[in-house]
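**Student:** Input model-v6.cif, format and content: mmCIF, C-alpha atoms (C1' of nucleotides).
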```
data_start
#
loop_
_atom_site.label_atom_id
_atom_site.label_comp_id
_atom_site.auth_asym_id
_atom_site.auth_seq_id
_atom_site.Cartn_x
_atom_site.Cartn_y
_atom_site.Cartn_z
CA MET T 874 23.03 6.10 -42.17
CA SER T 875 25.49 3.29 -42.14
CA LEU T 876 23.71 1.73 -39.26
CA SER T 877 22.31 -1.67 -39.92
CA LYS T 878 22.03 -3.65 -36.74
CA LEU T 879 21.05 -2.72 -33.27
CA LEU T 880 20.86 -4.91 -30.22
CA CYS T 881 18.62 -3.96 -27.31
CA ILE T 882 18.83 -5.48 -23.89
CA LEU T 883 15.80 -4.55 -21.87
CA GLY T 884 14.14 -5.56 -18.65
CA SER T 885 13.33 -4.28 -15.25
CA THR T 886 15.82 -3.16 -12.71
CA SER T 887 18.26 -5.63 -11.20
CA THR T 888 17.90 -8.29 -13.86
CA GLY T 889 21.55 -7.82 -14.73
CA LYS T 890 21.21 -6.09 -18.09
CA THR T 891 24.55 -4.37 -17.95
CA ASP T 892 26.47 -7.53 -17.17
CA VAL T 893 24.83 -9.35 -20.04
CA ALA T 894 25.42 -6.48 -22.39
CA LEU T 895 29.08 -6.30 -21.45
CA LYS T 896 29.59 -9.97 -22.13
CA LEU T 897 27.82 -9.75 -25.46
CA ALA T 898 29.82 -6.68 -26.37
CA GLY T 899 32.98 -8.65 -25.87
CA LYS T 900 31.79 -11.42 -28.14
CA PHE T 901 30.20 -9.37 -30.87
CA ASN T 902 32.44 -6.38 -31.03
CA GLY T 903 29.92 -4.07 -29.48
CA GLU T 904 29.65 -0.90 -27.45
CA LEU T 905 26.98 -0.13 -24.92
CA VAL T 906 24.53 2.72 -25.04
CA SER T 907 22.77 3.22 -21.75
CA CYS T 908 19.07 3.94 -22.03
CA ASP T 909 18.33 5.06 -18.56
CA SER T 910 16.81 8.36 -17.57
CA ARG T 911 19.03 8.71 -14.52
CA GLN T 912 22.34 7.32 -15.62
CA VAL T 913 22.62 10.26 -17.95
CA TYR T 914 23.41 12.47 -15.00
CA LYS T 915 26.90 13.12 -13.75
CA GLY T 916 27.54 12.08 -10.21
CA LEU T 917 24.62 9.70 -9.85
CA ASP T 918 26.71 6.57 -9.93
CA ILE T 919 26.06 4.11 -7.18
CA GLY T 920 22.37 4.88 -6.95
CA THR T 921 21.76 4.42 -10.64
CA GLY T 922 23.79 1.27 -10.91
CA LYS T 923 26.34 2.51 -13.39
CA LEU T 924 28.83 0.05 -12.08
CA PRO T 925 28.29 -3.52 -13.19
CA GLY T 926 27.66 -6.31 -10.74
CA GLU T 927 30.68 -8.22 -11.85
CA LYS T 928 34.10 -6.85 -11.24
CA VAL T 929 35.69 -5.23 -14.24
CA SER T 930 38.21 -2.48 -14.71
CA ILE T 931 36.64 0.93 -15.09
CA LYS T 932 38.14 3.89 -16.86
CA LYS T 933 36.46 7.12 -17.77
CA GLY T 934 37.16 8.33 -21.28
CA LYS T 935 35.96 11.29 -23.21
CA GLY T 936 32.21 10.94 -23.43
CA PHE T 937 32.20 7.33 -22.38
CA TRP T 938 33.14 4.95 -19.64
CA GLU T 939 35.21 1.92 -20.36
CA MET T 940 34.42 -1.28 -18.53
CA GLY T 941 36.64 -4.24 -19.05
CA GLY T 942 37.68 -2.76 -22.38
CA VAL T 943 34.10 -2.13 -23.55
CA LYS T 944 32.92 1.39 -24.16
CA VAL T 945 29.74 2.50 -22.45
CA TRP T 946 27.99 5.62 -23.71
CA MET T 947 25.26 7.91 -22.49
CA TYR T 948 26.50 8.06 -18.95
CA ASP T 949 27.24 11.51 -17.54
CA VAL T 950 25.91 13.51 -20.44
CA ALA T 951 23.96 15.95 -18.28
CA GLU T 952 24.35 17.97 -15.13
CA SER T 953 22.22 16.63 -12.32
CA LYS T 954 20.86 20.08 -11.57
CA LYS T 955 19.42 20.46 -15.01
CA GLU T 956 16.47 18.62 -16.42
CA TYR T 957 17.24 16.24 -19.19
CA SER T 958 14.30 14.76 -21.03
CA VAL T 959 13.48 12.14 -23.65
CA TYR T 960 13.98 14.79 -26.26
CA ASP T 961 17.56 15.37 -25.23
CA TYR T 962 18.14 11.70 -24.88
CA VAL T 963 16.96 10.76 -28.34
CA LYS T 964 19.00 13.53 -29.88
CA ASP T 965 22.19 12.62 -28.09
CA ALA T 966 21.81 8.87 -28.29
CA ASN T 967 21.24 8.98 -32.02
CA LYS T 968 24.57 10.67 -32.54
CA VAL T 969 26.31 8.17 -30.35
CA ILE T 970 24.73 5.22 -32.11
CA GLU T 971 25.58 6.57 -35.50
CA ASP T 972 29.14 7.04 -34.44
CA ILE T 973 29.43 3.52 -33.09
CA ALA T 974 28.05 2.09 -36.29
CA LYS T 975 30.38 4.18 -38.41
CA ARG T 976 33.29 2.66 -36.62
CA GLY T 977 31.97 -0.76 -37.52
CA LYS T 978 30.88 -1.72 -34.04
CA LEU T 979 27.60 -3.11 -32.83
CA PRO T 980 25.57 -0.68 -30.74
CA ILE T 981 23.99 -2.39 -27.77
CA ILE T 982 21.25 -0.42 -26.08
CA VAL T 983 20.86 -1.25 -22.43
CA GLY T 984 17.50 -0.02 -21.41
CA GLY T 985 15.44 0.23 -18.32
CA THR T 986 13.56 3.35 -19.28
CA GLY T 987 10.79 2.16 -21.55
CA LEU T 988 9.75 5.54 -22.86
CA TYR T 989 13.28 6.46 -23.85
CA LEU T 990 13.78 3.18 -25.62
CA LYS T 991 10.55 3.54 -27.49
CA ALA T 992 11.32 7.10 -28.47
CA LEU T 993 14.74 6.11 -29.67
CA VAL T 994 13.77 3.09 -31.69
CA GLU T 995 10.27 3.91 -32.88
CA GLY T 996 10.15 7.65 -32.54
CA LEU T 997 7.72 9.84 -30.68
CA PRO T 998 5.52 12.09 -32.80
CA ASN T 999 5.22 15.03 -30.48
CA LEU T 1000 8.80 15.07 -29.44
CA ALA T 1001 9.53 18.17 -31.45
CA ILE T 1002 6.95 20.24 -29.67
CA PRO T 1003 9.06 22.00 -27.11
CA ILE T 1004 8.41 22.64 -23.48
CA ASN T 1005 6.80 25.98 -22.87
CA LEU T 1006 8.10 27.04 -19.50
CA LYS T 1007 5.92 30.08 -19.19
CA LEU T 1008 2.81 28.07 -19.88
CA ARG T 1009 3.87 25.31 -17.52
CA LYS T 1010 4.49 27.72 -14.75
CA GLN T 1011 1.10 29.25 -15.30
CA LEU T 1012 -0.70 25.91 -15.48
CA GLY T 1013 1.27 24.49 -12.61
CA SER T 1014 -0.67 26.49 -10.08
CA LEU T 1015 -4.06 25.36 -11.28
CA THR T 1016 -6.10 22.70 -9.54
CA LEU T 1017 -6.85 19.43 -11.24
CA LEU T 1018 -10.37 20.49 -11.97
CA LYS T 1019 -9.27 23.71 -13.61
CA LEU T 1020 -6.71 21.91 -15.68
CA GLN T 1021 -9.35 19.50 -16.88
CA LYS T 1022 -11.68 22.32 -17.79
CA LYS T 1023 -8.95 24.15 -19.59
CA PHE T 1024 -8.00 21.13 -21.63
CA GLN T 1025 -11.61 20.35 -22.47
CA LYS T 1026 -11.99 23.86 -23.75
CA VAL T 1027 -8.77 23.92 -25.72
CA SER T 1028 -9.18 20.48 -27.25
CA PRO T 1029 -12.49 18.75 -26.64
CA ASP T 1030 -11.77 15.94 -29.07
CA ARG T 1031 -8.49 15.00 -27.49
CA TRP T 1032 -10.13 15.13 -24.09
CA GLU T 1033 -12.63 12.59 -25.32
CA LYS T 1034 -9.88 10.25 -26.36
CA MET T 1035 -7.97 10.59 -23.15
CA ASN T 1036 -8.31 7.75 -20.66
CA ASN T 1037 -9.53 8.22 -17.14
CA SER T 1038 -6.18 7.80 -15.54
CA ASP T 1039 -4.58 10.49 -17.67
CA ARG T 1040 -7.49 12.82 -17.12
CA GLN T 1041 -6.58 12.84 -13.50
CA ASN T 1042 -2.91 13.26 -14.07
CA PRO T 1043 -1.93 16.92 -13.84
CA ARG T 1044 1.39 16.36 -15.48
CA ARG T 1045 -0.18 14.74 -18.51
CA LEU T 1046 -2.86 17.38 -18.73
CA ILE T 1047 -0.28 20.12 -18.73
CA ARG T 1048 1.69 18.53 -21.53
CA ALA T 1049 -1.47 17.84 -23.48
CA ILE T 1050 -2.43 21.48 -23.22
CA GLU T 1051 1.07 22.47 -24.19
CA VAL T 1052 0.97 20.27 -27.28
CA THR T 1053 -2.43 21.57 -28.29
CA MET T 1054 -1.49 25.19 -27.79
CA SER T 1055 1.51 24.72 -29.96
CA ASN T 1056 -0.68 23.30 -32.69
CA HIS T 1057 -2.90 26.30 -32.38
CA GLU T 1058 0.21 28.33 -32.89
CA GLY T 1059 -0.09 29.85 -29.53
CA ASP T 1060 -3.65 30.94 -29.90
CA PRO T 1061 -6.00 28.57 -28.16
CA SER T 1062 -9.04 30.27 -29.61
CA SER T 1063 -8.08 29.51 -33.18
CA PRO T 1064 -9.68 26.41 -34.65
CA ALA T 1065 -8.16 23.17 -33.50
CA LEU T 1066 -5.86 21.42 -35.89
CA PRO T 1067 -6.19 17.71 -36.28
CA ALA T 1068 -4.63 15.81 -33.45
CA PRO T 1069 -0.96 15.42 -34.23
CA GLN T 1070 -1.25 11.75 -34.90
CA ASP T 1071 1.39 11.55 -37.49
CA ASP T 1072 3.11 14.86 -37.67
CA ASN T 1073 6.70 14.53 -38.61
CA LEU T 1074 7.81 17.83 -37.29
CA GLY T 1075 10.30 16.10 -35.12
CA LEU T 1076 11.69 13.77 -37.66
CA GLU T 1077 13.91 16.32 -39.31
CA ILE T 1078 15.59 17.20 -36.10
CA ILE T 1079 15.47 13.77 -34.59
CA PRO T 1080 16.01 10.99 -37.05
CA LYS T 1081 14.12 7.85 -36.22
CA LEU T 1082 16.15 4.72 -36.48
CA SER T 1083 14.75 3.41 -39.70
CA ASN T 1084 15.82 0.47 -41.80
CA VAL T 1085 17.56 -0.97 -38.86
CA ASN T 1086 17.56 -4.59 -37.94
CA VAL T 1087 16.78 -4.55 -34.26
CA LEU T 1088 17.02 -7.49 -31.93
CA LYS T 1089 15.37 -7.09 -28.57
CA VAL T 1090 16.48 -9.32 -25.77
CA GLY T 1091 14.40 -9.08 -22.62
CA LEU T 1092 15.50 -10.24 -19.20
CA THR T 1093 13.01 -11.31 -16.55
CA ALA T 1094 12.75 -13.24 -13.35
CA PRO T 1095 9.86 -14.39 -11.20
CA ARG T 1096 8.63 -11.69 -8.86
CA GLU T 1097 9.98 -13.18 -5.68
CA VAL T 1098 13.41 -13.53 -7.19
CA LEU T 1099 13.31 -10.04 -8.57
CA TYR T 1100 12.33 -8.62 -5.19
CA GLN T 1101 15.01 -10.59 -3.47
CA ARG T 1102 17.65 -9.31 -5.85
CA ILE T 1103 16.44 -5.76 -5.37
CA ASP T 1104 16.48 -6.13 -1.61
CA GLU T 1105 20.01 -7.42 -1.63
CA ARG T 1106 21.14 -4.72 -3.96
CA VAL T 1107 19.73 -1.98 -1.78
CA VAL T 1108 21.72 -3.27 1.14
CA SER T 1109 24.92 -3.61 -0.83
CA ARG T 1110 24.55 -0.17 -2.35
CA ILE T 1111 24.35 1.33 1.06
CA LYS T 1112 27.55 -0.47 1.90
CA GLU T 1113 29.07 0.87 -1.29
CA GLY T 1114 28.18 4.35 -0.14
CA VAL T 1115 25.01 5.66 -1.79
CA ILE T 1116 24.25 7.70 1.27
CA GLU T 1117 27.62 9.38 1.08
CA GLU T 1118 27.14 9.87 -2.63
CA ALA T 1119 23.86 11.67 -2.07
CA GLU T 1120 25.37 13.68 0.71
CA SER T 1121 28.23 14.88 -1.43
CA LEU T 1122 25.89 15.71 -4.29
CA HIS T 1123 23.96 17.91 -1.93
CA LYS T 1124 27.14 19.54 -0.67
CA LYS T 1125 28.06 20.30 -4.23
CA GLY T 1126 24.83 22.18 -4.62
CA LEU T 1127 22.17 19.68 -5.61
CA SER T 1128 19.09 20.82 -3.76
CA PHE T 1129 16.92 18.41 -1.83
CA LYS T 1130 14.04 19.43 -3.99
CA ARG T 1131 15.89 18.42 -7.10
CA MET T 1132 16.96 15.18 -5.47
CA GLU T 1133 13.35 14.38 -4.83
CA GLN T 1134 12.60 14.88 -8.50
CA LEU T 1135 15.26 12.36 -9.33
CA GLY T 1136 13.24 9.75 -7.54
CA LEU T 1137 13.88 6.42 -5.87
CA GLU T 1138 17.23 6.25 -4.13
CA TYR T 1139 17.90 9.95 -4.44
CA GLY T 1140 14.38 10.96 -3.55
CA ILE T 1141 14.33 8.87 -0.43
CA LEU T 1142 17.90 9.64 0.41
CA SER T 1143 17.04 13.31 0.38
CA GLU T 1144 14.35 12.60 2.97
CA TYR T 1145 16.91 10.72 4.98
CA LEU T 1146 19.49 13.47 4.79
CA GLN T 1147 16.90 15.97 5.88
CA GLY T 1148 16.20 13.88 8.91
CA ASN T 1149 12.71 12.76 7.96
CA ILE T 1150 13.80 9.16 8.13
CA LEU T 1151 15.78 8.35 11.20
CA ARG T 1152 16.97 4.78 11.17
CA THR T 1153 18.87 3.31 8.26
CA GLU T 1154 16.92 0.12 8.84
CA GLU T 1155 13.80 2.04 7.96
CA LEU T 1156 15.53 3.66 5.01
CA VAL T 1157 16.39 0.25 3.62
CA LYS T 1158 12.82 -0.96 3.92
CA ILE T 1159 11.37 2.08 2.21
CA LEU T 1160 13.90 1.90 -0.58
CA GLN T 1161 13.21 -1.74 -1.19
CA GLY T 1162 9.49 -1.19 -1.36
CA LYS T 1163 9.79 1.75 -3.72
CA ILE T 1164 12.09 -0.11 -6.04
CA HIS T 1165 9.74 -3.08 -6.10
CA GLY T 1166 7.08 -0.73 -7.35
CA TYR T 1167 9.41 0.66 -9.94
CA ALA T 1168 10.25 -2.80 -11.19
CA ARG T 1169 6.56 -3.59 -11.44
CA ARG T 1170 5.93 -0.49 -13.51
CA GLN T 1171 8.77 -1.40 -15.80
CA GLU T 1172 7.28 -4.84 -16.24
CA THR T 1173 3.88 -3.55 -17.19
CA TRP T 1174 5.47 -1.26 -19.73
CA PHE T 1175 7.71 -3.89 -21.25
CA LYS T 1176 4.89 -6.42 -21.43
CA LYS T 1177 3.51 -4.42 -24.32
CA GLU T 1178 6.82 -4.10 -26.09
CA LYS T 1179 6.69 -6.06 -29.32
CA ASP T 1180 9.12 -8.57 -30.75
CA VAL T 1181 11.03 -9.15 -27.60
CA TYR T 1182 12.82 -12.44 -27.00
CA TRP T 1183 12.39 -12.98 -23.29
CA PHE T 1184 14.78 -14.93 -21.11
CA ASP T 1185 14.19 -15.93 -17.53
CA ILE T 1186 17.44 -15.46 -15.67
CA THR T 1187 16.56 -18.13 -13.15
CA LYS T 1188 16.32 -20.81 -15.80
CA GLU T 1189 19.24 -23.13 -16.38
CA GLY T 1190 21.33 -22.20 -19.41
CA TRP T 1191 19.55 -18.95 -20.16
CA PHE T 1192 22.71 -17.07 -21.01
CA LYS T 1193 23.81 -19.67 -23.54
CA GLN T 1194 20.45 -19.24 -25.21
CA VAL T 1195 20.84 -15.50 -25.31
CA GLU T 1196 24.24 -15.88 -26.90
CA LYS T 1197 22.87 -18.29 -29.45
CA LYS T 1198 20.02 -16.00 -30.34
CA VAL T 1199 22.29 -13.01 -30.73
CA CYS T 1200 24.79 -15.03 -32.67
CA THR T 1201 22.38 -16.20 -35.36
CA TRP T 1202 20.95 -12.72 -35.64
CA TYR T 1203 24.36 -11.10 -35.77
CA TYR T 1204 25.71 -13.23 -38.58
CA LEU T 1205 22.52 -13.12 -40.58
CA LYS T 1206 22.73 -11.00 -43.70
CA ASN T 1207 20.58 -7.93 -43.41
CA ASP T 1208 18.43 -8.60 -46.43
CA GLN T 1209 17.37 -11.96 -45.02
CA THR T 1210 15.00 -10.45 -42.57
CA ASN T 1211 14.09 -12.72 -39.72
"C1'" C F 889 2.69 -8.62 43.22
"C1'" C F 890 0.61 -3.50 42.83
"C1'" G F 891 -0.25 0.99 39.69
"C1'" G F 892 -0.73 2.93 34.56
"C1'" A F 893 -1.38 2.11 29.12
"C1'" G F 894 -2.83 -1.21 25.53
"C1'" G F 895 -4.17 -5.64 22.26
"C1'" U F 896 -8.12 -3.70 15.20
"C1'" G F 897 -7.36 -6.75 8.51
"C1'" G F 898 0.35 -8.43 5.98
"C1'" C F 899 2.42 -4.00 8.86
"C1'" A F 900 1.57 0.93 10.90
"C1'" G F 901 -2.54 3.27 12.69
"C1'" A F 902 -8.05 5.59 12.93
"C1'" G F 903 -12.70 4.27 14.84
"C1'" U F 904 -14.92 3.86 20.87
"C1'" A F 905 -22.80 1.33 20.57
"C1'" G F 906 -26.28 1.35 14.81
"C1'" U F 907 -24.58 5.01 8.45
"C1'" C F 908 -18.23 -0.70 9.99
"C1'" A F 909 -15.96 -5.64 6.09
"C1'" A F 910 -14.24 -1.23 9.27
"C1'" U F 911 -10.91 6.08 7.48
"C1'" U F 912 -5.87 6.49 6.13
"C1'" G F 913 -0.66 5.38 5.00
"C1'" C F 914 2.74 1.49 3.66
"C1'" A F 915 3.28 -3.19 1.41
"C1'" C F 916 0.98 -6.19 -2.25
"C1'" C F 917 -1.85 -7.12 -7.12
"C1'" A F 918 -3.53 -5.17 -11.82
"C1'" G F 919 -3.26 -1.19 -15.24
"C1'" A F 920 -2.35 3.76 -17.90
"C1'" C F 921 1.44 6.59 -20.00
"C1'" U F 922 3.26 10.80 -27.52
"C1'" G F 923 9.04 15.83 -23.70
"C1'" U F 924 9.60 15.81 -15.52
"C1'" A F 925 9.16 8.48 -17.01
"C1'" A F 926 13.61 6.05 -11.01
"C1'" A F 927 8.43 10.65 -12.79
"C1'" U F 928 3.13 11.06 -12.83
"C1'" C F 929 -1.64 8.89 -12.68
"C1'" U F 930 -5.94 4.95 -12.30
"C1'" G F 931 -8.33 0.59 -10.19
"C1'" G F 932 -8.20 -3.50 -6.64
"C1'" C F 933 -6.85 -5.21 -1.94
"C1'" G F 934 -11.12 -10.86 4.35
"C1'" G F 935 -13.82 -15.05 1.81
"C1'" G F 936 -18.03 -16.75 -1.33
"C1'" U F 937 -18.75 -17.46 -9.20
"C1'" U F 938 -21.98 -10.72 -10.73
"C1'" U F 939 -24.81 -8.89 -6.62
"C1'" U F 940 -28.76 -3.29 -2.99
"C1'" C F 941 -26.74 -10.95 -1.04
"C1'" C F 942 -24.41 -14.38 2.45
"C1'" C F 943 -20.36 -15.97 5.63
"C1'" U F 944 -16.09 -15.10 8.80
"C1'" A F 945 -13.79 -10.99 11.28
"C1'" C F 946 -11.49 -5.94 15.43
"C1'" G F 947 -6.67 -10.98 21.62
"C1'" A F 948 -10.14 -15.33 24.02
"C1'" A F 949 -14.62 -16.78 26.41
"C1'" G F 950 -19.05 -15.18 28.39
"C1'" G F 951 -22.72 -11.07 29.45
"C1'" U F 952 -25.93 -6.46 28.72
"C1'" G F 953 -28.77 -4.66 24.79
"C1'" C F 954 -33.40 -4.54 19.25
"C1'" G F 955 -28.20 -3.85 17.86
"C1'" A F 956 -21.15 -4.19 20.08
"C1'" A F 957 -14.67 -3.39 17.14
"C1'" U F 958 -17.10 0.04 20.43
"C1'" C F 959 -20.32 -1.11 27.28
"C1'" C F 960 -19.62 -5.04 31.57
"C1'" U F 961 -17.07 -9.62 33.64
"C1'" U F 962 -13.25 -13.14 33.65
"C1'" C F 963 -9.01 -14.99 31.27
"C1'" C F 964 -4.54 -14.66 28.08
"C1'" C F 965 -0.73 -11.50 26.20
"C1'" U F 966 2.35 -6.79 25.44
"C1'" C F 967 4.49 -2.24 27.17
"C1'" C F 968 5.77 1.57 30.98
"C1'" G F 969 6.28 2.80 36.26
"C1'" G F 970 6.61 0.88 41.47
"C1'" A F 971 8.51 -3.43 44.09
#
```
Represent the structure contained in this file as structure tokens.
**Tutor:**
Amino acid sequence: MSLSKLLCILGSTSTGKTDVALKLAGKFNGELVSCDSRQVYKGLDIGTGKLPGEKVSIKKGKGFWEMGGVKVWMYDVAESKKEYSVYDYVKDANKVIEDIAKRGKLPIIVGGTGLYLKALVEGLPNLAIPINLKLRKQLGSLTLLKLQKKFQKVSPDRWEKMNNSDRQNPRRLIRAIEVTMSNHEGDPSSPALPAPQDDNLGLEIIPKLSNVNVLKVGLTAPREVLYQRIDERVVSRIKEGVIEEAESLHKKGLSFKRMEQLGLEYGILSEYLQGNILRTEELVKILQGKIHGYARRQETWFKKEKDVYWFDITKEGWFKQVEKKVCTWYYLKNDQTN
RNA sequence: CCGGAGGUGGCAGAGUAGUCAAUUGCACCAGACUGUAAAUCUGGCGGGUUUUCCCUACGAAGGUGCGAAUCCUUCCCUCCGGA
């Protein structure tokens, strides 16, 4: 792969990642690659914050959006009715990144979805084990207790290693069973194979980004500031027409059930459109609270992310420092690892 | 001014004499997370250096009682109806 450098801008929602990425793209000849589990869907625009905070011209090209002359990829790559998972994301994003690099541009990943970012940059061992719809449907009707029993039976050793929170998480249990069953080659009664710690099944299909010089720039703000920004953004998005956006998505055939799966704005908006929330004042409050929680979850995930250069966006001169950091990294020869 | 309803922890809202520091939801705090990740799940959430321990708490002040958020009295306040 001709790829050599990769810039990641990460951080929780409403820290202004896209704006920063756009500016850096202008300076360092880059193109953006969105790493967001919801921006991949067509039609979810206002609610997922596809549009930058600062005013720039927007054109839609083939497979990308163009903002102020900068290409932005991985928007609108999936239909909102269909499920699109990390697996799809890693596959598609890899192609996009490779293509950007081939054209001699700097790929800039703009990420709010920690799992996707991790999968893309570091790889995810079990990614190649596909979803087994039949099995999921079957397991989906079981109670928590039955799921636990089933998993204990199918893979006692992995059960032992599982933490308490995951043991009570039906979704995780189902996937764990799915992974184990696939290792047993569909026969749960056959002897268990070693836990797929390091299997590289997926690596042939999904190349991990190896030998790449990655710079991770993280954006943060104190809680109160973050919450305030979120609160303001909720209000302005309603003005921009998220409600109408959700409404038209539903008219075009997106079921309320599916909207709920999409979470946050769309999940709550679907409640609103169904009349379960009456006043928009209340809608705003609920949205704000939910997004605070989301931001918190993102923070706890990103806290563990290694080698991140963090910048507090409330500190004087933070952007200059970001630029400086990126600049020295960008012009550094690749063999002089930093 | 009269009649009716009511004042519970940040909010909403249970409890209506002992098992209540007080169900629950939200918010908030901390955390997990190898294919739904804006998802899903776990723990905490009056104060006191761990505590089967103490203190302060259910509008305020008194009272009854072994014991009150829960009963009685007065007061303050809120809401609805009548004037």
**Student:** Skip region 1141-1146 of chain T itself and residues of its chain fewer than 6 positions away, then list as a list in words all residues within 10 Å of it, counting only C-alpha atoms (C1' of nucleotides).
**Tutor:**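 Residues meeting the cut-off are Gly920, Val1115, Ile1116, Glu1117, Glu1118, Ala1119, Glu1120, His1123, Ser1128, Phe1129, Lys1130, Arg1131, Met1132, Glu1133, Leu1135, Arg1152, Thr1153, Glu1155, Leu1156, Val1157, Ile1159, Leu1160 and Lys1163 of chain T.
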**Student:** Could you please take those selected residues and save C-alpha atoms as a PDB file, in the frame of the given file?
**Tutor:**
```
ATOM      1  CA  GLY T 920      22.370   4.880  -6.950  1.00  0.00           C
ATOM      2  CA  VAL T1115      25.010   5.660  -1.790  1.00  0.00           C
ATOM      3  CA  ILE T1116      24.250   7.700   1.270  1.00  0.00           C
ATOM      4  CA  GLU T1117      27.620   9.380   1.080  1.00  0.00           C
ATOM      5  CA  GLU T1118      27.140   9.870  -2.630  1.00  0.00           C
ATOM      6  CA  ALA T1119      23.860  11.670  -2.070  1.00  0.00           C
ATOM      7  CA  GLU T1120      25.370  13.680   0.710  1.00  0.00           C
ATOM      8  CA  HIS T1123      23.960  17.910  -1.930  1.00  0.00           C
ATOM      9  CA  SER T1128      19.090  20.820  -3.760  1.00  0.00           C
ATOM     10  CA  PHE T1129      16.920  18.410  -1.830  1.00  0.00           C
ATOM     11  CA  LYS T1130      14.040  19.430  -3.990  1.00  0.00           C
ATOM     12  CA  ARG T1131      15.890  18.420  -7.100  1.00  0.00           C
ATOM     13  CA  MET T1132      16.960  15.180  -5.470  1.00  0.00           C
ATOM     14  CA  GLU T1133      13.350  14.380  -4.830  1.00  0.00           C
ATOM     15  CA  LEU T1135      15.260  12.360  -9.330  1.00  0.00           C
ATOM     16  CA  ARG T1152      16.970   4.780  11.170  1.00  0.00           C
ATOM     17  CA  THR T1153      18.870   3.310   8.260  1.00  0.00           C
ATOM     18  CA  GLU T1155      13.800   2.040   7.960  1.00  0.00           C
ATOM     19  CA  LEU T1156      15.530   3.660   5.010  1.00  0.00           C
ATOM     20  CA  VAL T1157      16.390   0.250   3.620  1.00  0.00           C
ATOM     21  CA  ILE T1159      11.370   2.080   2.210  1.00  0.00           C
ATOM     22  CA  LEU T1160      13.900   1.900  -0.580  1.00  0.00           C
ATOM     23  CA  LYS T1163       9.790   1.750  -3.720  1.00  0.00           C
TER      24      LYS T1163
END
```
**Student:** For Glu1097 (chain T), which of T:Gln1021, T:Thr1053, T:Gln1147, T:Thr1187 is the closest residue, counting all atoms listed in the file?
**Tutor:**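 Checking each candidate against Glu1097 (chain T), we get T:Thr1187 as the closest.
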**Student:** At a cut-off of 9 Å, using only C-alpha atoms (C1' of nucleotides), what residues contact U930 (chain F)? Leave out same-chain residues fewer than 3 positions from it and give the result as a ChimeraX atom specification.
**Tutor:** /T:1037-1039,1041 /F:919-920
**Student:** Apply the PyMOL selection byres ((chain F and resi 928) around 7) to the file shown and report the selected residues as a tab-separated table (two decimals) with C-alpha atoms (C1' of nucleotides), keeping the file's coordinate frame.
**Tutor:**
```
chain	number	residue	atom	x	y	z
T	1042	ASN	CA	-2.91	13.26	-14.07
T	1044	ARG	CA	1.39	16.36	-15.48
F	927	A	C1'	8.43	10.65	-12.79
F	929	C	C1'	-1.64	8.89	-12.68
```
**Student:** Show me, as a tab-separated table, the residues of chain T having an atom within 9 Å of chain F, each with the closest atom pair and its distance in Å, using all atoms listed in the file.
**Tutor:**
```
residue	atom	partner	partner_atom	distance
T:Asp909	CA	F:A926	C1'	9.0
T:Ser910	CA	F:A926	C1'	7.7
T:Arg911	CA	F:A926	C1'	7.0
T:Thr921	CA	F:A926	C1'	8.3
T:Glu956	CA	F:U924	C1'	7.5
T:Tyr957	CA	F:U924	C1'	8.5
T:Ser958	CA	F:G923	C1'	6.0
T:Val959	CA	F:G923	C1'	5.8
T:Tyr960	CA	F:G923	C1'	5.7
T:Asp961	CA	F:G923	C1'	8.7
T:Thr986	CA	F:A925	C1'	7.1
T:Gly987	CA	F:A925	C1'	8.0
T:Leu988	CA	F:A925	C1'	6.6
T:Tyr989	CA	F:A925	C1'	8.2
T:Ala992	CA	F:U922	C1'	8.9
T:Leu997	CA	F:U922	C1'	5.5
T:Pro998	CA	F:U922	C1'	5.9
T:Asn999	CA	F:U922	C1'	5.5
T:Leu1000	CA	F:G923	C1'	5.8
T:Ala1001	CA	F:G923	C1'	8.1
T:Ile1002	CA	F:G923	C1'	7.7
T:Pro1003	CA	F:G923	C1'	7.0
T:Ile1004	CA	F:G923	C1'	6.8
T:Asn1036	CA	F:A920	C1'	7.7
T:Asn1037	CA	F:U930	C1'	6.9
T:Ser1038	CA	F:U930	C1'	4.3
T:Asp1039	CA	F:C929	C1'	6.0
T:Arg1040	CA	F:C929	C1'	8.3
T:Gln1041	CA	F:C929	C1'	6.4
T:Asn1042	CA	F:C929	C1'	4.8
T:Pro1043	CA	F:U928	C1'	7.8
T:Arg1044	CA	F:U928	C1'	6.2
T:Arg1045	CA	F:U928	C1'	7.5
T:Arg1048	CA	F:G923	C1'	8.1
T:Gln1070	CA	F:U922	C1'	8.7
T:Gln1134	CA	F:A927	C1'	7.3
T:Leu1135	CA	F:A926	C1'	6.7
T:Gly1136	CA	F:A926	C1'	5.1
T:Leu1137	CA	F:A926	C1'	5.2
T:Glu1138	CA	F:A926	C1'	7.8
T:Tyr1139	CA	F:A926	C1'	8.8
T:Gly1140	CA	F:A926	C1'	9.0
T:Ile1159	CA	F:C914	C1'	8.8
T:Gly1162	CA	F:A915	C1'	7.1
T:Ile1164	CA	F:A926	C1'	8.1
T:Tyr1167	CA	F:A926	C1'	6.9
T:Thr1173	CA	F:G919	C1'	7.8
T:Trp1174	CA	F:C921	C1'	8.8
```
**Student:** So which residues get picked by the PyMOL selection byres ((chain T and resi 1192-1201) around 9) here, written as a list in words?
**Tutor:**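 Here the PyMOL selection byres ((chain T and resi 1192-1201) around 9) matches Leu880, Val893, Leu897, Lys900, Phe901, Leu1088, Val1090, Tyr1182, Phe1184, Ile1186, Glu1189, Gly1190, Trp1191, Trp1202, Tyr1203, Tyr1204 and Leu1205 of chain T.
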